[in-house]
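Inspection log for the structure reproduced underneath, given as structure tokens.
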Amino acid sequence: MRPSVTPDGRHDSVEPEQRLWAAVIVRAITDALWRDENPNGSPRDFVTFFSQSIRRRQAKRIRDEAIFWLTMPNATFADRCIRAGLDPDMVRSKVRKMLDGADTDTKAKALATSLSLQHL
């Protein structure tokens, strides 16, 4: 396939499918890094989960599923990373380090930048 041309006239060697899967991975990382501002609140309370208002129970489930998908070895995650042009072990390692850290917002932005398609 031929590289596409970006709006500023540069050639872009990243295929649309790579962009798609990289975006899926970045979204999963973002979901995994969500922190409940009131972890002792009722599971039925509504919380802000990025730009959505959803029940705390649902937000925690989404977060926990993202953490599991990103950190546990599984064929689906490996396939999505490969399709995005990323090394699954490298992504998993970086995600685990971010989850262990305290400053998750800064680390999420740094990881999203390191996964940006400019580097693929």
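Each chain in the structure tokens gets a letter, A, B and so on, in the order shown; residues start at 1 in every chain, and ligands are counted from 1 in the order they appear.
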Practice task
Tell me which protein, DNA and RNA residues are within 6 Å of stretch 16-30 of chain A, counting only C-alpha atoms, leaving out same-chain ones fewer than 5 positions away, and put them as a list in words.
Solution key: Ala66, Arg80, Arg83 and Ala84 of chain A
Neighbours of stretch 43-50 of chain A within 10 Å (only C-alpha atoms; same-chain residues fewer than 2 positions away dropped), as a CSV table (one decimal) with N, CA and C atoms, in the first residue's frame?
chain,number,residue,atom,x,y,z
A,30,THR,N,-6.0,4.5,29.0
A,30,THR,CA,-6.7,5.6,29.6
A,30,THR,C,-7.7,5.0,30.6
A,31,ASP,N,-8.5,4.0,30.1
A,31,ASP,CA,-9.5,3.4,31.0
A,31,ASP,C,-8.8,2.8,32.2
A,34,TRP,N,-8.0,5.3,35.1
A,34,TRP,CA,-9.0,6.1,35.8
A,34,TRP,C,-9.0,5.8,37.3
A,35,ARG,N,-9.1,6.9,38.0
A,35,ARG,CA,-9.1,6.8,39.5
A,35,ARG,C,-10.4,7.4,40.0
A,36,ASP,N,-10.9,6.7,40.9
A,36,ASP,CA,-12.2,7.2,41.6
A,36,ASP,C,-11.8,8.2,42.6
A,37,GLU,N,-12.4,9.4,42.5
A,37,GLU,CA,-12.1,10.5,43.5
A,37,GLU,C,-12.7,10.2,44.9
A,38,ASN,N,-13.7,9.3,44.9
A,38,ASN,CA,-14.3,8.9,46.2
A,38,ASN,C,-14.4,7.4,46.2
A,39,PRO,N,-13.3,6.7,46.5
A,39,PRO,CA,-13.4,5.2,46.4
A,39,PRO,C,-14.3,4.6,47.4
A,40,ASN,N,-14.7,5.3,48.4
A,40,ASN,CA,-15.6,4.7,49.4
A,40,ASN,C,-17.1,5.0,49.2
A,41,GLY,N,-17.4,5.7,48.0
A,41,GLY,CA,-18.7,6.0,47.7
A,41,GLY,C,-19.5,4.8,47.3
A,52,GLN,N,-18.0,11.0,30.3
A,52,GLN,CA,-19.3,10.4,30.6
A,52,GLN,C,-19.6,10.4,32.0
A,53,SER,N,-20.9,10.4,32.3
A,53,SER,CA,-21.4,10.2,33.7
A,53,SER,C,-22.0,8.8,33.7
A,54,ILE,N,-21.3,7.9,34.5
A,54,ILE,CA,-21.8,6.6,34.6
A,54,ILE,C,-21.7,6.1,36.1
A,55,ARG,N,-22.4,5.0,36.4
A,55,ARG,CA,-22.3,4.6,37.8
A,55,ARG,C,-20.9,4.1,38.2
A,56,ARG,N,-20.6,4.3,39.4
A,56,ARG,CA,-19.3,4.0,39.9
A,56,ARG,C,-19.0,2.5,39.6
A,57,ARG,N,-19.9,1.6,39.8
A,57,ARG,CA,-19.8,0.2,39.6
A,57,ARG,C,-19.3,-0.1,38.2
A,58,GLN,N,-20.0,0.6,37.2
A,58,GLN,CA,-19.6,0.4,35.8
A,58,GLN,C,-18.2,0.9,35.5
A,59,ALA,N,-17.9,2.1,36.0
A,59,ALA,CA,-16.6,2.7,35.8
A,59,ALA,C,-15.5,1.8,36.3
A,60,LYS,N,-15.7,1.2,37.5
A,60,LYS,CA,-14.7,0.3,38.1
A,60,LYS,C,-14.6,-1.0,37.3
A,62,ILE,N,-15.1,-1.3,34.0
A,62,ILE,CA,-14.4,-0.9,32.8
A,62,ILE,C,-12.9,-0.8,33.1
A,63,ARG,N,-12.6,-0.1,34.2
A,63,ARG,CA,-11.2,0.0,34.6
A,63,ARG,C,-10.5,-1.3,34.8
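With atom CA of A:Ser93 on one side and atom CA of A:Thr71 on the other, the separation reads 8.0 Å.
Around A:Leu70, within 9 Å and counting only C-alpha atoms, the residues found are A:Ile25, A:Ala28, A:Ile29, A:Ala32, A:Glu65, A:Ala66, A:Ile67, A:Phe68, A:Met72, A:Pro73, A:Asn74, A:Phe77, A:Val91, A:Arg92, A:Val95, A:Arg96, once anything fewer than 2 positions away on its own chain is removed.
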Expected file contents, prior selection, C-alpha atoms, as a JSON list (two decimals), in the first residue's frame:
[["chain", "number", "residue", "atom", "x", "y", "z"],
["A", 25, "ILE", "CA", -4.67, 0.43, 22.99],
["A", 28, "ALA", "CA", -7.59, 0.88, 27.13],
["A", 29, "ILE", "CA", -4.63, 2.51, 28.89],
["A", 32, "ALA", "CA", -7.03, 1.47, 33.16],
["A", 65, "GLU", "CA", -11.26, -5.12, 32.54],
["A", 66, "ALA", "CA", -8.79, -2.74, 30.87],
["A", 67, "ILE", "CA", -6.14, -3.48, 33.50],
["A", 68, "PHE", "CA", -6.63, -7.21, 33.04],
["A", 72, "MET", "CA", -2.19, -10.34, 31.60],
["A", 73, "PRO", "CA", -0.70, -12.31, 28.70],
["A", 74, "ASN", "CA", -3.40, -12.94, 26.12],
["A", 77, "PHE", "CA", -3.81, -8.03, 23.25],
["A", 91, "VAL", "CA", 3.52, -1.95, 25.98],
["A", 92, "ARG", "CA", 2.64, -4.32, 28.83],
["A", 95, "VAL", "CA", 1.55, -0.06, 31.45],
["A", 96, "ARG", "CA", 2.54, -2.04, 34.56]]
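With atom CA of A:Lys94 on one side and atom CA of A:Ile82 on the other, the separation reads 15.9 Å.
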Practice task
Return as a PyMOL selection string the full set of residues in stretch 38-72 of chain A whose backbone-based DSSP assignment is helix (DSSP H, G or I).
Solution key: chain A and resi 56-71
Dump N, CA and C atoms for the selected residues as a short mmCIF file (atom, residue, chain, number, x, y, z; two decimals), in the first residue's frame?
data_model
loop_
_atom_site.label_atom_id
_atom_site.label_comp_id
_atom_site.auth_asym_id
_atom_site.auth_seq_id
_atom_site.Cartn_x
_atom_site.Cartn_y
_atom_site.Cartn_z
N ARG A 56 -20.58 4.33 39.40
CA ARG A 56 -19.26 3.96 39.91
C ARG A 56 -18.97 2.48 39.64
N ARG A 57 -19.95 1.63 39.85
CA ARG A 57 -19.76 0.19 39.64
C ARG A 57 -19.33 -0.09 38.20
N GLN A 58 -19.96 0.57 37.23
CA GLN A 58 -19.63 0.37 35.82
C GLN A 58 -18.24 0.92 35.50
N ALA A 59 -17.91 2.08 36.03
CA ALA A 59 -16.59 2.67 35.80
C ALA A 59 -15.49 1.76 36.32
N LYS A 60 -15.69 1.21 37.51
CA LYS A 60 -14.69 0.30 38.08
C LYS A 60 -14.56 -0.98 37.26
N ARG A 61 -15.69 -1.48 36.74
CA ARG A 61 -15.64 -2.68 35.91
C ARG A 61 -14.85 -2.43 34.63
N ILE A 62 -15.11 -1.29 33.99
CA ILE A 62 -14.38 -0.93 32.77
C ILE A 62 -12.89 -0.82 33.07
N ARG A 63 -12.56 -0.14 34.17
CA ARG A 63 -11.16 0.01 34.55
C ARG A 63 -10.51 -1.34 34.81
N ASP A 64 -11.18 -2.20 35.58
CA ASP A 64 -10.61 -3.50 35.92
C ASP A 64 -10.43 -4.39 34.69
N GLU A 65 -11.39 -4.34 33.77
CA GLU A 65 -11.26 -5.12 32.54
C GLU A 65 -10.09 -4.61 31.69
N ALA A 66 -9.91 -3.31 31.63
CA ALA A 66 -8.79 -2.74 30.87
C ALA A 66 -7.46 -3.14 31.50
N ILE A 67 -7.39 -3.08 32.81
CA ILE A 67 -6.14 -3.48 33.50
C ILE A 67 -5.83 -4.94 33.21
N PHE A 68 -6.84 -5.79 33.31
CA PHE A 68 -6.63 -7.21 33.04
C PHE A 68 -6.15 -7.42 31.61
N TRP A 69 -6.82 -6.80 30.65
CA TRP A 69 -6.47 -6.98 29.23
C TRP A 69 -5.05 -6.51 28.94
N LEU A 70 -4.66 -5.39 29.57
CA LEU A 70 -3.35 -4.80 29.31
C LEU A 70 -2.20 -5.51 30.02
N THR A 71 -2.47 -6.14 31.15
CA THR A 71 -1.36 -6.66 31.96
C THR A 71 -1.22 -8.17 31.94
#
